[in-house]
Amino acid sequence: MAKNIKNVIAVGSGKGGVGKSTVAVNLALALKQEGFKVGLLDSDIYGPSIPIMFGIKEGEKPTVTKENRITPLMRYDMPLMSMGFLLQQREAVIWRGPMLGKMLQQFLEQVDWGDLDYLVVDLPPGTGDVQISLAQMIPLSGAVVVTTPQDVAMVDVIRAIRMFEMTKVPLLGIVENMSYFQAPDQKYYIFGGGEDKSRYQKLGLSFLGEFPLEVETRVGGDEGIPIVVKAPQSTQAKRFAGLAKQIVASLKTRTTGNDLELPSLH
Ligand SMILES: Nc1ncnc2c1ncn2[C@@H]1O[C@H](COP(=O)(O)OP(=O)(O)O)[C@@H](O)[C@H]1O
Ligand SMILES: [Mg+2]
């Protein structure tokens, strides 16, 4: 592991499509806006979305020096590395554990990240062997779990938390995404859950904040200009700034691992 990276923050989720990459990307940029040196590693080899979220063109690839060092792509003065940069035409890959491990090790050791205060890692969704070995391979300072408010997602969340617990990765807390849609008249809790967030506290989890469903956030992801960059004064961007501040504070004070009482899963 590169000695010049001070903190590695993993962004995980129990399942795909909950906005893990959206949170990882905007969190990284929000940390950057707080004045830190930040890099972003997309380890979601099954569905890398960082190339699209940063508007990376098909032919744009990291370069390799004679000494076999990989120069990451840069966006907004932030180094980026993604499996998606190495694939042709968004081809599908079937990776097996050892190959994947090797690839990740390369991403961490061979990539010239420079000096970083934070490396944000977008983990693959789910809690299979792959995710567990990733969590073991990368010395993570802490993990953030992203979820939507649905109960079914909560089951996935508990699985994701257990995974970090098993691998001794400190859990920084939960981010609830797609919490509601703000219509002119009222908030619509499309995925349930509602305003009361005690369901997280009941599990002993730190609740790091809610992010509503928002057209601009989705467009930002699709057009390759993340909301935090496109509209830094927007309420959504300010929520990401708040998340970044909480994570910085929590990493400063955290010395122990998780101590959670979770309901058992079958
Ligand atoms: N808060 C949000 N508001 C609107 N769209 C969102 C929000 N969060 C995520 N999305 C959109 O939902 C889709 C899935 O998000 P993504 O971050 O790719 O999820 P994951 O990485 O968990 O699979 C993307 O099209 C993204 O732009
Ligand atoms: Mg993703």
# chains A, B, ... in the order shown; residues from 1 in each chain; ligands from 1

call {"tool": "residues_around", "arguments": {"residues": "A:Val146", "least_positions_apart": "2", "cutoff": "12 Å", "atoms": "only C-alpha atoms", "output": "mmCIF file with C-alpha atoms, in the first residue's frame"}}
result
data_model
loop_
_atom_site.group_PDB
_atom_site.id
_atom_site.type_symbol
_atom_site.label_atom_id
_atom_site.label_comp_id
_atom_site.auth_asym_id
_atom_site.auth_seq_id
_atom_site.Cartn_x
_atom_site.Cartn_y
_atom_site.Cartn_z
ATOM 1 C CA ALA A 10 -14.542 2.704 1.299
ATOM 2 C CA VAL A 11 -18.025 3.373 0.022
ATOM 3 C CA GLY A 12 -20.004 0.156 0.017
ATOM 4 C CA SER A 13 -23.561 -1.052 -0.290
ATOM 5 C CA GLY A 14 -25.464 -4.278 0.111
ATOM 6 C CA LYS A 15 -26.804 -4.063 -3.425
ATOM 7 C CA GLY A 16 -26.334 -2.146 -6.635
ATOM 8 C CA GLY A 17 -28.290 0.830 -7.873
ATOM 9 C CA VAL A 18 -28.623 2.574 -4.523
ATOM 10 C CA GLY A 19 -26.326 5.436 -5.498
ATOM 11 C CA LYS A 20 -23.032 4.163 -4.157
ATOM 12 C CA SER A 21 -21.016 5.632 -7.021
ATOM 13 C CA THR A 22 -22.927 8.906 -6.885
ATOM 14 C CA VAL A 23 -22.067 9.198 -3.202
ATOM 15 C CA ALA A 24 -18.435 8.119 -3.716
ATOM 16 C CA LEU A 27 -17.973 12.757 -1.468
ATOM 17 C CA ASP A 122 -16.068 2.809 -4.698
ATOM 18 C CA LEU A 123 -16.499 -0.863 -3.761
ATOM 19 C CA PRO A 124 -18.478 -3.358 -5.834
ATOM 20 C CA PRO A 125 -22.032 -3.812 -4.513
ATOM 21 C CA GLY A 126 -22.877 -6.765 -2.358
ATOM 22 C CA ALA A 143 -16.320 2.499 5.521
ATOM 23 C CA VAL A 144 -19.491 4.283 4.601
ATOM 24 C CA THR A 148 -32.118 3.416 0.157
ATOM 25 C CA PRO A 149 -34.865 3.520 2.786
ATOM 26 C CA ALA A 153 -32.413 -2.668 1.503
ATOM 27 C CA MET A 154 -32.025 -2.669 5.274
ATOM 28 C CA ASP A 156 -28.694 -5.782 2.630
ATOM 29 C CA VAL A 157 -27.308 -3.018 4.781
ATOM 30 C CA ILE A 158 -26.978 -5.336 7.754
ATOM 31 C CA ALA A 160 -22.752 -5.065 4.356
ATOM 32 C CA ILE A 161 -22.140 -3.930 7.919
ATOM 33 C CA LEU A 171 -17.853 1.641 10.084
ATOM 34 C CA LEU A 172 -18.202 5.397 9.842
ATOM 35 C CA GLY A 173 -21.933 5.278 9.321
ATOM 36 C CA ILE A 174 -24.879 5.055 6.975
ATOM 37 C CA VAL A 175 -25.803 7.357 4.153
ATOM 38 C CA GLU A 176 -29.427 7.190 3.094
ATOM 39 C CA ASN A 177 -29.852 7.988 -0.579
ATOM 40 C CA MET A 178 -33.040 8.557 -2.571
ATOM 41 C CA SER A 179 -34.703 9.330 0.756
ATOM 42 C CA PHE A 207 -26.630 8.211 10.513
ATOM 43 C CA LEU A 208 -24.537 10.431 8.248
ATOM 44 C CA GLY A 209 -27.343 12.031 6.337
ATOM 45 C CA GLU A 210 -30.061 11.770 3.735
ATOM 46 C CA PHE A 211 -29.918 12.681 0.072
#

call {"tool": "residues_around", "arguments": {"residues": "A:Gln182", "least_positions_apart": "6", "cutoff": "12 Å", "atoms": "only C-alpha atoms", "output": "number ranges by chain"}}
result
A: 188-190, 211-215, 235-236

call {"tool": "select_by_dssp", "arguments": {"residues": "stretch 37-211 of chain A", "states": "strand (DSSP E)", "output": "ChimeraX atom specification"}}
result
/A:38-42,63-64,70-71,73-75,78-82,116-122,142-147,171-182,187-188,207-211

call {"tool": "write_last_selection", "arguments": {"atoms": "N, CA and C atoms", "output": "short mmCIF file (atom, residue, chain, number, x, y, z; two decimals), in the first residue's frame"}}
result
data_model
loop_
_atom_site.label_atom_id
_atom_site.label_comp_id
_atom_site.auth_asym_id
_atom_site.auth_seq_id
_atom_site.Cartn_x
_atom_site.Cartn_y
_atom_site.Cartn_z
N VAL A 38 -7.24 14.54 -2.65
CA VAL A 38 -8.14 13.38 -2.72
C VAL A 38 -7.96 12.62 -4.03
N GLY A 39 -8.04 11.30 -3.95
CA GLY A 39 -8.05 10.47 -5.14
C GLY A 39 -9.28 9.58 -5.10
N LEU A 40 -9.65 9.05 -6.26
CA LEU A 40 -10.85 8.20 -6.33
C LEU A 40 -10.54 6.92 -7.08
N LEU A 41 -10.78 5.80 -6.41
CA LEU A 41 -10.55 4.49 -7.02
C LEU A 41 -11.87 3.76 -7.18
N ASP A 42 -12.17 3.42 -8.40
CA ASP A 42 -13.40 2.68 -8.71
C ASP A 42 -13.03 1.20 -8.74
N THR A 63 -1.69 6.26 -18.58
CA THR A 63 -0.45 5.88 -19.26
C THR A 63 0.46 5.11 -18.31
N VAL A 64 1.32 4.29 -18.91
CA VAL A 64 2.26 3.50 -18.11
C VAL A 64 3.67 3.96 -18.45
N ILE A 70 1.83 3.54 -13.22
CA ILE A 70 0.61 3.95 -13.93
C ILE A 70 0.26 5.39 -13.55
N THR A 71 0.08 6.23 -14.56
CA THR A 71 -0.33 7.62 -14.31
C THR A 71 -1.85 7.68 -14.42
N LEU A 73 -5.78 9.04 -14.61
CA LEU A 73 -6.42 10.16 -15.29
C LEU A 73 -6.75 11.22 -14.24
N MET A 74 -6.78 12.46 -14.68
CA MET A 74 -7.07 13.56 -13.75
C MET A 74 -8.36 14.26 -14.17
N ARG A 75 -9.21 14.56 -13.20
CA ARG A 75 -10.38 15.42 -13.41
C ARG A 75 -10.53 16.31 -12.20
N MET A 78 -8.02 15.94 -9.60
CA MET A 78 -8.17 14.77 -8.73
C MET A 78 -7.81 13.50 -9.52
N PRO A 79 -6.84 12.70 -9.01
CA PRO A 79 -6.50 11.47 -9.74
C PRO A 79 -7.61 10.42 -9.66
N LEU A 80 -7.87 9.78 -10.78
CA LEU A 80 -8.94 8.78 -10.88
C LEU A 80 -8.39 7.49 -11.46
N MET A 81 -8.83 6.38 -10.91
CA MET A 81 -8.48 5.10 -11.51
C MET A 81 -9.72 4.22 -11.51
N SER A 82 -9.96 3.58 -12.64
CA SER A 82 -11.14 2.72 -12.76
C SER A 82 -10.84 1.57 -13.70
N LEU A 116 -1.82 11.87 -0.88
CA LEU A 116 -3.26 12.01 -0.71
C LEU A 116 -3.63 12.05 0.77
N ASP A 117 -4.56 12.92 1.11
CA ASP A 117 -5.15 12.87 2.44
C ASP A 117 -6.21 11.77 2.48
N TYR A 118 -6.96 11.67 1.38
CA TYR A 118 -8.03 10.67 1.32
C TYR A 118 -8.07 9.99 -0.05
N LEU A 119 -8.12 8.68 -0.01
CA LEU A 119 -8.45 7.93 -1.22
C LEU A 119 -9.84 7.33 -1.00
N VAL A 120 -10.78 7.72 -1.85
CA VAL A 120 -12.13 7.20 -1.74
C VAL A 120 -12.25 6.00 -2.68
N VAL A 121 -12.70 4.88 -2.14
CA VAL A 121 -12.82 3.66 -2.95
C VAL A 121 -14.29 3.28 -3.12
N ASP A 122 -14.72 3.26 -4.36
CA ASP A 122 -16.07 2.81 -4.70
C ASP A 122 -16.01 1.28 -4.79
N GLY A 142 -11.88 3.49 7.12
CA GLY A 142 -13.28 3.45 7.52
C GLY A 142 -14.16 3.22 6.31
N ALA A 143 -15.38 2.78 6.60
CA ALA A 143 -16.32 2.50 5.52
C ALA A 143 -17.62 3.25 5.73
N VAL A 144 -18.18 3.65 4.61
CA VAL A 144 -19.49 4.28 4.60
C VAL A 144 -20.41 3.34 3.84
N VAL A 145 -21.58 3.06 4.38
CA VAL A 145 -22.52 2.18 3.69
C VAL A 145 -23.69 3.02 3.17
N VAL A 146 -23.96 2.86 1.89
CA VAL A 146 -25.05 3.61 1.27
C VAL A 146 -26.27 2.70 1.14
N THR A 147 -27.43 3.25 1.45
CA THR A 147 -28.65 2.47 1.32
C THR A 147 -29.81 3.37 0.86
N LEU A 171 -16.72 1.12 10.84
CA LEU A 171 -17.85 1.64 10.08
C LEU A 171 -18.10 3.10 10.49
N LEU A 172 -18.02 3.98 9.53
CA LEU A 172 -18.20 5.40 9.84
C LEU A 172 -19.68 5.74 9.96
N GLY A 173 -20.50 5.04 9.21
CA GLY A 173 -21.93 5.28 9.32
C GLY A 173 -22.68 4.98 8.03
N ILE A 174 -23.96 5.35 8.07
CA ILE A 174 -24.88 5.05 6.97
C ILE A 174 -25.26 6.33 6.26
N VAL A 175 -25.27 6.27 4.96
CA VAL A 175 -25.80 7.36 4.15
C VAL A 175 -27.09 6.85 3.52
N GLU A 176 -28.17 7.58 3.74
CA GLU A 176 -29.43 7.19 3.09
C GLU A 176 -29.59 8.00 1.82
N ASN A 177 -29.70 7.30 0.70
CA ASN A 177 -29.85 7.99 -0.58
C ASN A 177 -31.25 7.75 -1.12
N MET A 178 -31.71 8.63 -1.96
CA MET A 178 -33.04 8.56 -2.57
C MET A 178 -34.11 8.56 -1.48
N SER A 179 -33.84 9.32 -0.43
CA SER A 179 -34.70 9.33 0.76
C SER A 179 -36.12 9.78 0.43
N TYR A 180 -36.23 10.80 -0.40
CA TYR A 180 -37.56 11.33 -0.74
C TYR A 180 -37.44 12.14 -2.02
N PHE A 181 -38.58 12.52 -2.56
CA PHE A 181 -38.60 13.48 -3.66
C PHE A 181 -39.32 14.73 -3.19
N GLN A 182 -38.68 15.85 -3.35
CA GLN A 182 -39.28 17.11 -2.91
C GLN A 182 -40.12 17.70 -4.04
N LYS A 187 -42.91 16.61 0.57
CA LYS A 187 -41.92 15.57 0.35
C LYS A 187 -42.62 14.25 0.11
N TYR A 188 -42.22 13.54 -0.91
CA TYR A 188 -42.76 12.20 -1.14
C TYR A 188 -41.71 11.16 -0.80
N PHE A 207 -25.91 7.79 11.71
CA PHE A 207 -26.63 8.21 10.51
C PHE A 207 -25.93 9.46 9.98
N LEU A 208 -25.37 9.34 8.78
CA LEU A 208 -24.54 10.43 8.25
C LEU A 208 -25.31 11.41 7.37
N GLY A 209 -26.56 11.07 7.10
CA GLY A 209 -27.34 12.03 6.34
C GLY A 209 -28.20 11.42 5.25
N GLU A 210 -29.15 12.23 4.79
CA GLU A 210 -30.06 11.77 3.73
C GLU A 210 -29.88 12.64 2.49
N PHE A 211 -30.02 11.99 1.36
CA PHE A 211 -29.92 12.68 0.07
C PHE A 211 -31.18 12.42 -0.72
#

call {"tool": "closest_residue", "arguments": {"among": "A:Leu100, A:Leu134, A:Val248, A:Val152", "to": "A:Phe164", "atoms": "only C-alpha atoms"}}
result
A:Leu134

call {"tool": "select_by_dssp", "arguments": {"residues": "stretch 28-227 of chain A", "states": "helix (DSSP H, G or I)", "output": "ChimeraX atom specification"}}
result
/A:28-33,50-53,83-85,97-109,129-137,151-166,198-202,215-223,227

call {"tool": "closest_residue", "arguments": {"among": "A:Asp196, A:Glu58, A:Glu216, A:Asp77", "to": "ligand 1", "atoms": "only C-alpha atoms and all ligand atoms"}}
result
A:Glu216

call {"tool": "closest_residue", "arguments": {"among": "A:Leu140, A:Ala135, A:Leu251, A:Ala244", "to": "A:Leu31", "atoms": "only C-alpha atoms"}}
result
A:Ala244

call {"tool": "atom_distance", "arguments": {"atom1": "atom 3 (N, counted along the ligand's line) of ligand 1", "atom2": "atom CA of A:Gln233"}}
result
16.5 Å

call {"tool": "closest_residue", "arguments": {"among": "A:Gly128, A:Thr217, A:Pro48, A:Ser198", "to": "A:Ala237", "atoms": "only C-alpha atoms"}}
result
A:Thr217

call {"tool": "atom_distance", "arguments": {"atom1": "atom CA of A:Ser234", "atom2": "atom CA of A:Asn26"}}
result
12.7 Å

call {"tool": "atom_distance", "arguments": {"atom1": "atom CA of A:Ala30", "atom2": "atom CA of A:Val228"}}
result
6.6 Å

call {"tool": "closest_residue", "arguments": {"among": "A:Gly55, A:Gly84, A:Pro184, A:Gly101", "to": "ligand 2", "atoms": "only C-alpha atoms and all ligand atoms"}}
result
A:Gly84
